[in-house]
There are 2 protein chains.
Amino acid sequence: MSKQPLSRLFHPRAIGVYGASADPKKIGGRPVDFIKRSGFEGPLYPINPNYPEIQGLKAYPSATAIEGPLDLVIVAVPAPGVVAALEDCAAKGVGGCVVLSSGFAEAGGAQGEAWQAQIVELSRRTGMRVVGPNCMGIINVRRGILGTFTPSAEGSGLKPGRISLVSQSGAFGGFCLALMRQNGIGLNLWITTGNQSDVDFADCVRYYADDADTNVIVGYIEGITDRDRLIDALAYARSKEKPVVVMKVGSSDAGAAAAASHTASLAGADQVYDGLFRQYGVYRAHSIDEFFDVAYACATASAKPKSDRLGIVTVSGGVGVLMADVAAKVGLDVAPMPEDAQRQLKEYLPFAGTRNPVDMTAQLVNDLSLFEKNFEMLLARGNYDTVVSFLSSVGLDKNLNQEIIGQLRKVLAKYPGRLVIMSMLSNQEVRRMYEQEGLLVFDEPTRAVRAAAALRHFAREQARAQTLDAPPSLPAGVRKVERGALNETQAKEILMSAGIPMTREVVAKTADEAARQATEIGFPVVLKIASPDIQHKSDIGGVLLKLADAEAVRAGFDTIMQRVRKAEPNARIDGVVVAQMITGGVETILGVNRDPVFGPVVMFGIGGVFVEAFKDVAFRVAPFGEAEARAMIDEVKGRVMLRGLRGAPPADEAALVRALAQLSSFAAANADVIETIDINPFVVLPAGQGAVALDALIVTRD
Amino acid sequence: MSKQPLSRLFHPRAIGVYGASADPKKIGGRPVDFIKRSGFEGPLYPINPNYPEIQGLKAYPSATAIEGPLDLVIVAVPAPGVVAALEDCAAKGVGGCVVLSSGFAEAGGAQGEAWQAQIVELSRRTGMRVVGPNCMGIINVRRGILGTFTPSAEGSGLKPGRISLVSQSGAFGGFCLALMRQNGIGLNLWITTGNQSDVDFADCVRYYADDADTNVIVGYIEGITDRDRLIDALAYARSKEKPVVVMKVGSSDAGAAAAASHTASLAGADQVYDGLFRQYGVYRAHSIDEFFDVAYACATASAKPKSDRLGIVTVSGGVGVLMADVAAKVGLDVAPMPEDAQRQLKEYLPFAGTRNPVDMTAQLVNDLSLFEKNFEMLLARGNYDTVVSFLSSVGLDKNLNQEIIGQLRKVLAKYPGRLVIMSMLSNQEVRRMYEQEGLLVFDEPTRAVRAAAALRHFAREQARAQTLDAPPSLPAGVRKVERGALNETQAKEILMSAGIPMTREVVAKTADEAARQATEIGFPVVLKIASPDIQHKSDIGGVLLKLADAEAVRAGFDTIMQRVRKAEPNARIDGVVVAQMITGGVETILGVNRDPVFGPVVMFGIGGVFVEAFKDVAFRVAPFGEAEARAMIDEVKGRVMLRGLRGAPPADEAALVRALAQLSSFAAANADVIETIDINPFVVLPAGQGAVALDALIVTRD
């Protein structure tokens, strides 16, 4: 059956409460109590066969007993009765049910698992949407839909706004509600997805992306099971220019440490999420303050900063410098005012700092006309796309702020698209006055600057999305990877066929053959034992470097053979690999690791201490194009090595970019077979000379 | 004249207001208005010859006209009258004057400068203390001393507490006052030092360190001019176990980029402050939230965490993981509960996460008896010195919290010295209930964890202070540095005489002499041109490495001479340096740079990209002992290189520690002469083999 649209849950014409209780403090009583008093305009039907009337409303024995349309039903009956209630709802043609009851898969017992499986089946069969079970409910603040039992939803405490929230955790969702209520942050839609038998995180992101009253999608993620649906939803939200802010906790990953390959040990699930979020322009918050600061900024701001240029105006020089420090940290450009504009400022603000930050000193409060003049100068002459203004405790005085807002309105009308953020102690009334103009107010000046940076992040990501190219196609003769052990030579041949440059190398069976091949490849060469049974070749002396002529190669062949026979007498020996010796360039590491959820994930890092000691690596979910590969390189600190550190020539980043994108397409095409790929080192030669892998390893899935 | 004690300013028996105004909104009227209504118990004397009575109080024509003791006078007369007012106060025997008036050195004119010089002279001559001019005043909340004109001090809004604040910026000080008032954070003493004609930042730190009602010293620094007084004050505060929290803004330093030497270009003034703060255990905050969170925690906490062990208890698993993530970032140890204790927890909390974080789920709110049981387990079995408890919005319910506090009191009585921090939405009344028990309350869970880390920081620094050794003494035969150019050999000889190990090297005039010296030093050796005129020796081929025998040395000598004569025909040539060749080990960089305020500052970094690309360096003000040198090494990320990365042997850190401490003593002893010292590379050999400098440069002051 085709699925019912989520609009029937978020914008129902009529609501039922299954298992409605007369006690407004009980789980089945709270939603009745809340919705009754919330201003919801449609009918509310308590459903409970034991009572003719509940909380003053006529009660119905079943959903099917109700006449007229019924879009949303909140289900609060105990677990054993849930499936029957849902069947009744489906029979009635309900759009969606929100199951608050617990005692399903989360309880860990076979009975709960079975019931949940029945719910999944029912939803698939009937098309009726199911939220939960074991969830905290659903809210649409504007419509008065308070389908939840969390006390934080009670009464008129929730202010309608343009933030829509989806949380995989009920406790977290409830806390957010309480916090938004306490801090006067406006909310639009709210849902907690519980056990996600049907409606999941990705569904809600996609729904919010289309919702006209939603400016920003805010999500709390515990874990994702369906890669494609999440990626599609995030990409869809980006295409609709709806910023997504997430909190995803759990930066440690015990499992990864035990993983076999080098790439795998670095690819903790958390870094994969990080890579995915960067890929889709999602803002990941690391504290609850940050989570709501960014959400509030996105929901409220009248404009998106078109550049990194930030103007800072203060009544305290010191706070201005503090803000400039933070701005530099978060990538904003505190560019100075032009010299002549600074001279003009000095004329009417003789004690002021005029460079940027502009310190208006306490004079401002004595002569508010300075405010308009000053902002005019900042926007016209400083050409700042964002201005953050620190005004100490000025926000506590309503009249003063009415005057300031009037002035700002005049100036901003002349410079549309510019954004002003205030930082000052204030009260909710004053904050609301600013917010109505699309101006933000923060108590704390560094948080105001960070919010400006977050808005700039989204503007930058919107622009970047336009530049993203498709993942490259693979060359015509590309070889498929088959399951089973692959030796180094096979791995290199396969990767070379996929368009990733590899050093020239051949396996020689005899010393003479080695010498002949070396002469063909060109000296110097490297010799390496070729054996499917030996992993750490250099540890047993199985590698010789810089062999400069045919004689040295002949002798080297024999040396290696002797060492290997002694160290690993039982190893199968295919011969000795003769390979081109590369000198110079910057050593990098390219890798692929199969994530249990996200499939093949490409890793990039600069060789040496960057990866070893600092885990300075970037991840992206495969496949991706060259623009994304470039973003990966920009993400690692070790990128300085590629850009001509200490007089070294800049490296051929274009070749590196091509290889990364190519590797991502190859990994995606072989997603079902590949466990890991390590290309280490991948040497990036000076610009114009390309890049080449010296070594490669492919491990296939068992 | 000996200076009057600051206690006469902060705890005056009687207060005068010079230039008192009848208008309570004017600068000279506000302090009268504020103090009149503040509950100050001593007499308040308006001083103004033009009125017999001001704001209902008898006014006096001068300070000398007042009978009885007069400790503190607030001066608000216009700048031209300030000196005369101060002379009058000094004649009366006033303890200290707080000059609110502006128009002095800060105004930039000669007249203002002259008046300020007169104030400085007057204070020195009479011993009367002067705060300001151009300051925002002084406050003692408990005593009702509101000697300021900032509106934030008005009325009963300020809550007495145990934080004492000193700010070099009036605007910042005023903002702090408004913020503490708004957020209900208790304040003890407050002062803004303005132009610091007499009383300065260090004076106040020292005074607060002795003040019985001060638990934590909170400071805002714009710039320091007297190194020794600041250092003494910080050391004194540490000896009194008074935590110091500072905000010092300005992390960019345009001047440093232009500096000549390598070390100098890294030693921006900001990093020097950072080094100094680390040296004296000062906590540097980077946002105003952090500034007050740490201050509040220090002022309120009933105990100092004796270890890094942190227990986390929540009603939301996700928030618990978020807190654990942040705890790991800030160096706390979220150690798991013992297995058997976890089993016991499971018995009465079947759905709970029991490892740590312990997730008590919403059950907690239904059965509060779980709370005591749970905390008993955490403290007794988990043995956590700090427990952070996230309770969502529980803090909004007074009765619930009375019950929780009762339970916590019982448990904590059994485990004295343990610290509990709550994170929950709450109101001021509930917060106060906890604070009276020495328990902290934060809205935001990550800020609660960071506050725990800050408290642990101070406990750790207190312990570390006990282990600090004195700076090492210099060897008997140490050579003094004289002004003037020093060549590399001279620099190395001087540093070697100071106890810093150097490679053996001698200057040879002929090829034969070079060969003979090389034989004595031991092969392989390095040859380097010795010339006072050539700085970049290797650029012109003036360096040869790895010369393995006498013959190679002889040939090398001639090669170098030929190259140098060709490249630099006019350079003075002293011969060729024959030096011990060091292989292996970890290259580090030791440096000294003269800071205009703090004098010689020692720098340490690991060689290579760490210093070049990441500016991964540590600074300390010279001199210091070995414990501090060890802290410097621990501070840089590159330290991993010293500790046996990728199977390399661990380096001889003891030798590095000795060299750093020795260098600091040497730099301090030659503080008046040295501009910079670069010891680069300083090679730290494998443990037991010592460390040795290959190259050194000393630049003296002009």
# chains A, B, ... in the order shown; residues from 1 in each chain; ligands from 1
>>> interface_residues(of="chain B", to="chain A", cutoff="7 Å", atoms="only C-alpha atoms", output="PyMOL selection string")
chain B and resi 171-172+175+178+249-251+287-289+316+318+321-322+325+392-393+444+446+613+640
>>> write_last_selection(atoms="all heavy atoms", output="CSV table (one decimal), in the first residue's frame")
chain,number,residue,atom,x,y,z
B,171,ALA,N,34.5,49.4,31.0
B,171,ALA,CA,33.4,48.9,30.3
B,171,ALA,C,33.2,47.4,30.6
B,171,ALA,O,32.1,46.9,30.8
B,171,ALA,CB,33.6,49.1,28.8
B,172,PHE,N,34.3,46.7,30.6
B,172,PHE,CA,34.2,45.3,30.9
B,172,PHE,C,33.7,45.0,32.3
B,172,PHE,O,32.9,44.2,32.5
B,172,PHE,CB,35.6,44.6,30.6
B,172,PHE,CG,35.5,43.1,30.7
B,172,PHE,CD1,35.1,42.4,29.5
B,172,PHE,CD2,35.7,42.4,31.8
B,172,PHE,CE1,35.0,41.0,29.6
B,172,PHE,CE2,35.7,41.0,31.9
B,172,PHE,CZ,35.3,40.3,30.8
B,175,PHE,N,30.1,45.6,32.5
B,175,PHE,CA,29.3,44.5,31.9
B,175,PHE,C,29.3,43.3,32.8
B,175,PHE,O,28.2,42.7,33.0
B,175,PHE,CB,30.0,44.2,30.6
B,175,PHE,CG,29.3,43.0,29.9
B,175,PHE,CD1,28.0,43.0,29.5
B,175,PHE,CD2,30.0,41.8,29.7
B,175,PHE,CE1,27.4,41.9,28.9
B,175,PHE,CE2,29.4,40.7,29.0
B,175,PHE,CZ,28.1,40.8,28.7
B,178,ALA,N,26.7,43.8,35.5
B,178,ALA,CA,25.3,43.7,34.9
B,178,ALA,C,25.0,42.2,34.8
B,178,ALA,O,23.9,41.7,35.1
B,178,ALA,CB,25.2,44.4,33.6
B,249,VAL,N,42.5,39.4,26.3
B,249,VAL,CA,42.1,39.3,24.9
B,249,VAL,C,43.3,39.7,24.1
B,249,VAL,O,44.3,40.3,24.5
B,249,VAL,CB,40.9,40.1,24.6
B,249,VAL,CG1,39.7,39.7,25.4
B,249,VAL,CG2,41.1,41.6,24.9
B,250,GLY,N,43.2,39.5,22.8
B,250,GLY,CA,44.2,39.9,21.8
B,250,GLY,C,45.1,38.8,21.4
B,250,GLY,O,46.3,38.9,21.8
B,251,SER,N,44.7,37.8,20.7
B,251,SER,CA,45.6,36.7,20.3
B,251,SER,C,46.3,37.0,19.0
B,251,SER,O,47.1,36.2,18.6
B,251,SER,CB,44.8,35.4,20.3
B,251,SER,OG,43.6,35.5,19.5
B,287,SER,N,35.9,32.9,26.7
B,287,SER,CA,34.6,33.5,26.5
B,287,SER,C,34.1,33.9,27.8
B,287,SER,O,34.6,33.6,28.9
B,287,SER,CB,33.7,32.4,25.9
B,287,SER,OG,33.2,31.5,26.9
B,288,ILE,N,33.1,34.8,27.7
B,288,ILE,CA,32.6,35.3,29.0
B,288,ILE,C,31.8,34.3,29.7
B,288,ILE,O,31.8,34.2,31.0
B,288,ILE,CB,31.8,36.6,28.7
B,288,ILE,CG1,32.7,37.7,28.3
B,288,ILE,CG2,31.0,37.1,29.9
B,288,ILE,CD1,32.1,38.9,27.7
B,289,ASP,N,31.1,33.4,29.0
B,289,ASP,CA,30.5,32.3,29.7
B,289,ASP,C,31.5,31.5,30.5
B,289,ASP,O,31.2,31.1,31.6
B,289,ASP,CB,29.9,31.3,28.6
B,289,ASP,CG,28.5,31.8,28.1
B,289,ASP,OD1,27.9,32.7,28.7
B,289,ASP,OD2,28.0,31.2,27.1
B,316,SER,N,19.1,11.0,30.6
B,316,SER,CA,19.0,10.8,29.2
B,316,SER,C,20.4,10.2,28.7
B,316,SER,O,21.4,10.8,28.9
B,316,SER,CB,18.9,12.2,28.5
B,316,SER,OG,19.4,12.2,27.2
B,318,GLY,N,21.6,9.9,25.9
B,318,GLY,CA,22.3,10.7,24.9
B,318,GLY,C,23.1,11.8,25.5
B,318,GLY,O,24.3,12.1,25.2
B,321,VAL,N,26.3,10.6,27.0
B,321,VAL,CA,27.4,10.4,26.1
B,321,VAL,C,28.0,11.7,25.7
B,321,VAL,O,29.2,11.8,25.6
B,321,VAL,CB,26.9,9.6,24.8
B,321,VAL,CG1,28.0,9.4,23.9
B,321,VAL,CG2,26.3,8.2,25.3
B,322,LEU,N,27.1,12.7,25.4
B,322,LEU,CA,27.6,14.0,25.1
B,322,LEU,C,28.6,14.5,26.2
B,322,LEU,O,29.7,15.0,26.0
B,322,LEU,CB,26.4,15.0,25.0
B,322,LEU,CG,26.7,16.5,24.9
B,322,LEU,CD1,27.5,16.8,23.6
B,322,LEU,CD2,25.5,17.3,25.0
B,325,ASP,N,31.8,12.6,26.1
B,325,ASP,CA,32.7,13.1,25.0
B,325,ASP,C,33.4,14.4,25.4
B,325,ASP,O,34.7,14.5,25.2
B,325,ASP,CB,31.8,13.6,23.8
B,325,ASP,CG,31.2,12.4,23.0
B,325,ASP,OD1,31.6,11.2,23.3
B,325,ASP,OD2,30.4,12.6,22.1
B,392,SER,N,17.7,17.0,33.3
B,392,SER,CA,16.8,17.7,32.4
B,392,SER,C,16.2,18.9,33.0
B,392,SER,O,16.9,19.8,33.4
B,392,SER,CB,15.7,16.7,31.9
B,392,SER,OG,15.0,17.2,30.8
B,393,SER,N,14.8,19.0,33.2
B,393,SER,CA,14.2,20.2,33.7
B,393,SER,C,13.8,20.0,35.1
B,393,SER,O,12.9,20.8,35.6
B,393,SER,CB,13.1,20.6,32.8
B,393,SER,OG,12.2,19.6,32.6
B,444,GLU,N,23.5,23.9,31.3
B,444,GLU,CA,24.0,23.2,30.1
B,444,GLU,C,25.0,22.1,30.6
B,444,GLU,O,25.9,22.4,31.3
B,444,GLU,CB,24.7,24.3,29.3
B,444,GLU,CG,24.5,24.1,27.8
B,444,GLU,CD,25.5,23.2,27.2
B,444,GLU,OE1,26.4,22.6,27.9
B,444,GLU,OE2,25.4,23.0,25.9
B,446,THR,N,27.3,20.4,29.1
B,446,THR,CA,28.7,20.4,28.7
B,446,THR,C,29.5,21.5,29.6
B,446,THR,O,30.6,21.3,29.9
B,446,THR,CB,29.0,20.6,27.2
B,446,THR,OG1,28.6,22.0,26.9
B,446,THR,CG2,28.2,19.6,26.4
B,613,ALA,N,54.8,24.6,10.6
B,613,ALA,CA,53.5,24.7,10.1
B,613,ALA,C,52.4,25.0,11.2
B,613,ALA,O,51.4,25.6,11.0
B,613,ALA,CB,53.1,23.5,9.3
B,640,VAL,N,54.7,13.6,21.2
B,640,VAL,CA,54.6,12.2,20.8
B,640,VAL,C,55.9,11.7,20.2
B,640,VAL,O,56.3,10.5,20.3
B,640,VAL,CB,53.4,11.9,19.9
B,640,VAL,CG1,52.1,12.1,20.6
B,640,VAL,CG2,53.5,12.8,18.7
>>> residues_around(residues="B:Thr354", least_positions_apart="5", cutoff="9 Å", atoms="only C-alpha atoms", output="PDB file with all heavy atoms, in the first residue's frame")
ATOM      1  N   PRO B 336      34.904   3.363  34.077  1.00  0.00           N
ATOM      2  CA  PRO B 336      33.682   2.577  34.272  1.00  0.00           C
ATOM      3  C   PRO B 336      33.488   2.141  35.723  1.00  0.00           C
ATOM      4  O   PRO B 336      34.445   2.026  36.483  1.00  0.00           O
ATOM      5  CB  PRO B 336      33.902   1.354  33.370  1.00  0.00           C
ATOM      6  CG  PRO B 336      35.368   1.270  33.142  1.00  0.00           C
ATOM      7  CD  PRO B 336      35.921   2.649  33.282  1.00  0.00           C
ATOM      8  N   MET B 337      32.241   1.890  36.083  1.00  0.00           N
ATOM      9  CA  MET B 337      31.916   1.305  37.384  1.00  0.00           C
ATOM     10  C   MET B 337      32.443  -0.135  37.412  1.00  0.00           C
ATOM     11  O   MET B 337      32.473  -0.796  36.375  1.00  0.00           O
ATOM     12  CB  MET B 337      30.395   1.259  37.569  1.00  0.00           C
ATOM     13  CG  MET B 337      29.732   2.596  37.755  1.00  0.00           C
ATOM     14  SD  MET B 337      29.920   3.232  39.437  1.00  0.00           S
ATOM     15  CE  MET B 337      28.697   2.229  40.303  1.00  0.00           C
ATOM     16  N   ALA B 341      29.371  -3.881  40.749  1.00  0.00           N
ATOM     17  CA  ALA B 341      28.538  -2.724  41.095  1.00  0.00           C
ATOM     18  C   ALA B 341      27.517  -2.482  39.990  1.00  0.00           C
ATOM     19  O   ALA B 341      26.366  -2.124  40.245  1.00  0.00           O
ATOM     20  CB  ALA B 341      29.409  -1.496  41.302  1.00  0.00           C
ATOM     21  N   GLN B 342      27.928  -2.710  38.738  1.00  0.00           N
ATOM     22  CA  GLN B 342      26.992  -2.552  37.633  1.00  0.00           C
ATOM     23  C   GLN B 342      25.849  -3.547  37.736  1.00  0.00           C
ATOM     24  O   GLN B 342      24.692  -3.208  37.481  1.00  0.00           O
ATOM     25  CB  GLN B 342      27.716  -2.725  36.294  1.00  0.00           C
ATOM     26  CG  GLN B 342      28.693  -1.601  35.984  1.00  0.00           C
ATOM     27  CD  GLN B 342      29.139  -1.627  34.529  1.00  0.00           C
ATOM     28  OE1 GLN B 342      28.331  -1.782  33.616  1.00  0.00           O
ATOM     29  NE2 GLN B 342      30.434  -1.486  34.300  1.00  0.00           N
ATOM     30  N   ARG B 343      26.198  -4.772  38.126  1.00  0.00           N
ATOM     31  CA  ARG B 343      25.136  -5.777  38.280  1.00  0.00           C
ATOM     32  C   ARG B 343      24.137  -5.346  39.354  1.00  0.00           C
ATOM     33  O   ARG B 343      22.935  -5.456  39.188  1.00  0.00           O
ATOM     34  CB  ARG B 343      25.743  -7.145  38.637  1.00  0.00           C
ATOM     35  CG  ARG B 343      26.141  -7.960  37.400  1.00  0.00           C
ATOM     36  CD  ARG B 343      26.448  -9.413  37.759  1.00  0.00           C
ATOM     37  NE  ARG B 343      27.564  -9.515  38.697  1.00  0.00           N
ATOM     38  CZ  ARG B 343      28.853  -9.512  38.333  1.00  0.00           C
ATOM     39  NH1 ARG B 343      29.193  -9.420  37.062  1.00  0.00           N
ATOM     40  NH2 ARG B 343      29.793  -9.609  39.246  1.00  0.00           N
ATOM     41  N   LEU B 345      23.429  -2.294  40.287  1.00  0.00           N
ATOM     42  CA  LEU B 345      22.626  -1.192  39.748  1.00  0.00           C
ATOM     43  C   LEU B 345      21.495  -1.727  38.882  1.00  0.00           C
ATOM     44  O   LEU B 345      20.361  -1.265  38.950  1.00  0.00           O
ATOM     45  CB  LEU B 345      23.497  -0.256  38.906  1.00  0.00           C
ATOM     46  CG  LEU B 345      24.296   0.831  39.625  1.00  0.00           C
ATOM     47  CD1 LEU B 345      25.216   1.546  38.646  1.00  0.00           C
ATOM     48  CD2 LEU B 345      23.357   1.836  40.289  1.00  0.00           C
ATOM     49  N   LYS B 346      21.814  -2.714  38.055  1.00  0.00           N
ATOM     50  CA  LYS B 346      20.821  -3.297  37.145  1.00  0.00           C
ATOM     51  C   LYS B 346      19.625  -3.839  37.896  1.00  0.00           C
ATOM     52  O   LYS B 346      18.501  -3.847  37.390  1.00  0.00           O
ATOM     53  CB  LYS B 346      21.454  -4.453  36.359  1.00  0.00           C
ATOM     54  CG  LYS B 346      22.210  -4.022  35.118  1.00  0.00           C
ATOM     55  CD  LYS B 346      21.296  -3.964  33.886  1.00  0.00           C
ATOM     56  CE  LYS B 346      22.108  -3.655  32.648  1.00  0.00           C
ATOM     57  NZ  LYS B 346      21.499  -2.636  31.809  1.00  0.00           N
ATOM     58  N   LEU B 349      17.520  -0.798  38.653  1.00  0.00           N
ATOM     59  CA  LEU B 349      17.317   0.075  37.488  1.00  0.00           C
ATOM     60  C   LEU B 349      17.452  -0.766  36.238  1.00  0.00           C
ATOM     61  O   LEU B 349      18.441  -0.670  35.506  1.00  0.00           O
ATOM     62  CB  LEU B 349      18.384   1.169  37.454  1.00  0.00           C
ATOM     63  CG  LEU B 349      18.157   2.458  38.231  1.00  0.00           C
ATOM     64  CD1 LEU B 349      19.411   3.302  38.203  1.00  0.00           C
ATOM     65  CD2 LEU B 349      16.971   3.229  37.674  1.00  0.00           C
ATOM     66  N   ASP B 359      22.800   5.842  33.238  1.00  0.00           N
ATOM     67  CA  ASP B 359      21.542   6.422  32.757  1.00  0.00           C
ATOM     68  C   ASP B 359      20.409   5.918  33.635  1.00  0.00           C
ATOM     69  O   ASP B 359      20.022   4.761  33.556  1.00  0.00           O
ATOM     70  CB  ASP B 359      21.324   6.015  31.290  1.00  0.00           C
ATOM     71  CG  ASP B 359      20.000   6.544  30.760  1.00  0.00           C
ATOM     72  OD1 ASP B 359      19.357   7.364  31.438  1.00  0.00           O
ATOM     73  OD2 ASP B 359      19.621   6.128  29.644  1.00  0.00           O
ATOM     74  N   MET B 360      19.899   6.782  34.468  1.00  0.00           N
ATOM     75  CA  MET B 360      18.846   6.368  35.393  1.00  0.00           C
ATOM     76  C   MET B 360      17.467   6.415  34.745  1.00  0.00           C
ATOM     77  O   MET B 360      16.489   6.009  35.376  1.00  0.00           O
ATOM     78  CB  MET B 360      18.858   7.250  36.635  1.00  0.00           C
ATOM     79  CG  MET B 360      20.159   7.119  37.418  1.00  0.00           C
ATOM     80  SD  MET B 360      20.284   8.384  38.701  1.00  0.00           S
ATOM     81  CE  MET B 360      19.188   7.693  39.944  1.00  0.00           C
TER      82      MET B 360
END
>>> residues_around(residues="B:Arg572", least_positions_apart="2", cutoff="7 Å", atoms="only C-alpha atoms", output="list of chain:residue names")
B:Ser531, B:Pro532, B:Asp533, B:Asn570, B:Asp574
>>> write_last_selection(atoms="N, CA, C and O atoms", output="PDB file, in the first residue's frame")
ATOM      1  N   SER B 531      82.539  31.776   9.401  1.00  0.00           N
ATOM      2  CA  SER B 531      82.666  33.155   8.949  1.00  0.00           C
ATOM      3  C   SER B 531      81.629  34.005   9.667  1.00  0.00           C
ATOM      4  O   SER B 531      80.462  33.619   9.755  1.00  0.00           O
ATOM      5  N   PRO B 532      82.038  35.164  10.181  1.00  0.00           N
ATOM      6  CA  PRO B 532      81.045  36.028  10.829  1.00  0.00           C
ATOM      7  C   PRO B 532      80.106  36.686   9.816  1.00  0.00           C
ATOM      8  O   PRO B 532      79.078  37.240  10.186  1.00  0.00           O
ATOM      9  N   ASP B 533      80.432  36.580   8.520  1.00  0.00           N
ATOM     10  CA  ASP B 533      79.660  37.303   7.511  1.00  0.00           C
ATOM     11  C   ASP B 533      78.644  36.419   6.779  1.00  0.00           C
ATOM     12  O   ASP B 533      77.866  36.910   5.968  1.00  0.00           O
ATOM     13  N   ASN B 570      84.051  38.391  -0.567  1.00  0.00           N
ATOM     14  CA  ASN B 570      84.466  39.420   0.396  1.00  0.00           C
ATOM     15  C   ASN B 570      84.270  39.020   1.854  1.00  0.00           C
ATOM     16  O   ASN B 570      84.568  39.798   2.751  1.00  0.00           O
ATOM     17  N   ASP B 574      87.120  32.535   8.995  1.00  0.00           N
ATOM     18  CA  ASP B 574      87.933  32.132  10.153  1.00  0.00           C
ATOM     19  C   ASP B 574      88.499  30.732   9.978  1.00  0.00           C
ATOM     20  O   ASP B 574      89.313  30.279  10.776  1.00  0.00           O
TER      21      ASP B 574
END
>>> atom_distance(atom1="atom CA of B:Asn140", atom2="atom CA of B:Ser302")
23.3 Å
>>> residues_around(residues="stretch 115-132 of chain B", least_positions_apart="4", cutoff="7 Å", atoms="only C-alpha atoms", output="VMD selection string")
chain B and resid 1 to 4 83 90 94 to 100 104 to 105 111 193 to 199
>>> residues_around(residues="A:Tyr45", least_positions_apart="2", cutoff="12 Å", atoms="only C-alpha atoms", output="ChimeraX atom specification")
/A:13-21,31-33,35-36,42-43,47-48,52-75
>>> select_by_dssp(residues="stretch 508-702 of chain A", states="alpha helix (DSSP H)", output="PyMOL selection string")
chain A and resi 511-521+550-567+609-612+626-635+653-669
>>> select_by_dssp(residues="stretch 87-149 of chain B", states="strand (DSSP E)", output="short mmCIF file (atom, residue, chain, number, x, y, z; two decimals) with C-alpha atoms, in the first residue's frame")
data_model
loop_
_atom_site.label_atom_id
_atom_site.label_comp_id
_atom_site.auth_asym_id
_atom_site.auth_seq_id
_atom_site.Cartn_x
_atom_site.Cartn_y
_atom_site.Cartn_z
CA GLY B 96 42.57 55.94 49.35
CA CYS B 97 40.77 57.82 46.63
CA VAL B 98 38.93 56.34 43.68
CA VAL B 99 39.06 58.82 40.80
CA ARG B 129 46.35 55.12 47.52
CA VAL B 130 44.74 56.23 44.27
CA VAL B 131 42.52 54.08 42.05
CA GLY B 137 35.06 52.57 40.77
CA ILE B 138 35.09 50.15 43.62
CA ILE B 139 32.50 47.86 45.24
CA ASN B 140 32.27 45.75 48.37
CA ILE B 145 30.22 50.08 49.36
CA LEU B 146 29.05 51.02 45.88
CA GLY B 147 31.70 53.56 44.89
CA THR B 148 30.82 53.62 41.22
#
>>> residues_around(residues="stretch 365-377 of chain B", least_positions_apart="5", cutoff="10 Å", atoms="only C-alpha atoms", output="PyMOL selection string")
chain B and resi 311+313+315+337+341-342+344-345+348-349+358+360+382-384+387+389+391+394+400+403-412+414-415+420
>>> residues_around(residues="stretch 430-433 of chain A", least_positions_apart="3", cutoff="8 Å", atoms="only C-alpha atoms", output="JSON, numbers by chain")
{"A": [395, 396, 397, 398, 401, 402, 426, 427, 436, 437, 440, 441]}
>>> write_last_selection(atoms="C-alpha atoms", output="short mmCIF file (atom, residue, chain, number, x, y, z; two decimals), in the first residue's frame")
data_model
loop_
_atom_site.label_atom_id
_atom_site.label_comp_id
_atom_site.auth_asym_id
_atom_site.auth_seq_id
_atom_site.Cartn_x
_atom_site.Cartn_y
_atom_site.Cartn_z
CA GLY A 395 19.20 45.45 25.99
CA LEU A 396 17.54 45.80 29.39
CA ASP A 397 16.08 49.20 28.45
CA LYS A 398 13.07 48.96 26.15
CA ASN A 401 16.16 49.71 22.01
CA GLN A 402 13.09 51.01 20.22
CA SER A 426 18.43 41.86 27.46
CA ASN A 427 14.98 40.62 28.31
CA GLN A 436 10.74 40.70 14.42
CA GLU A 437 13.20 42.65 12.28
CA LEU A 440 19.53 38.33 16.37
CA VAL A 441 20.25 38.99 20.03
#
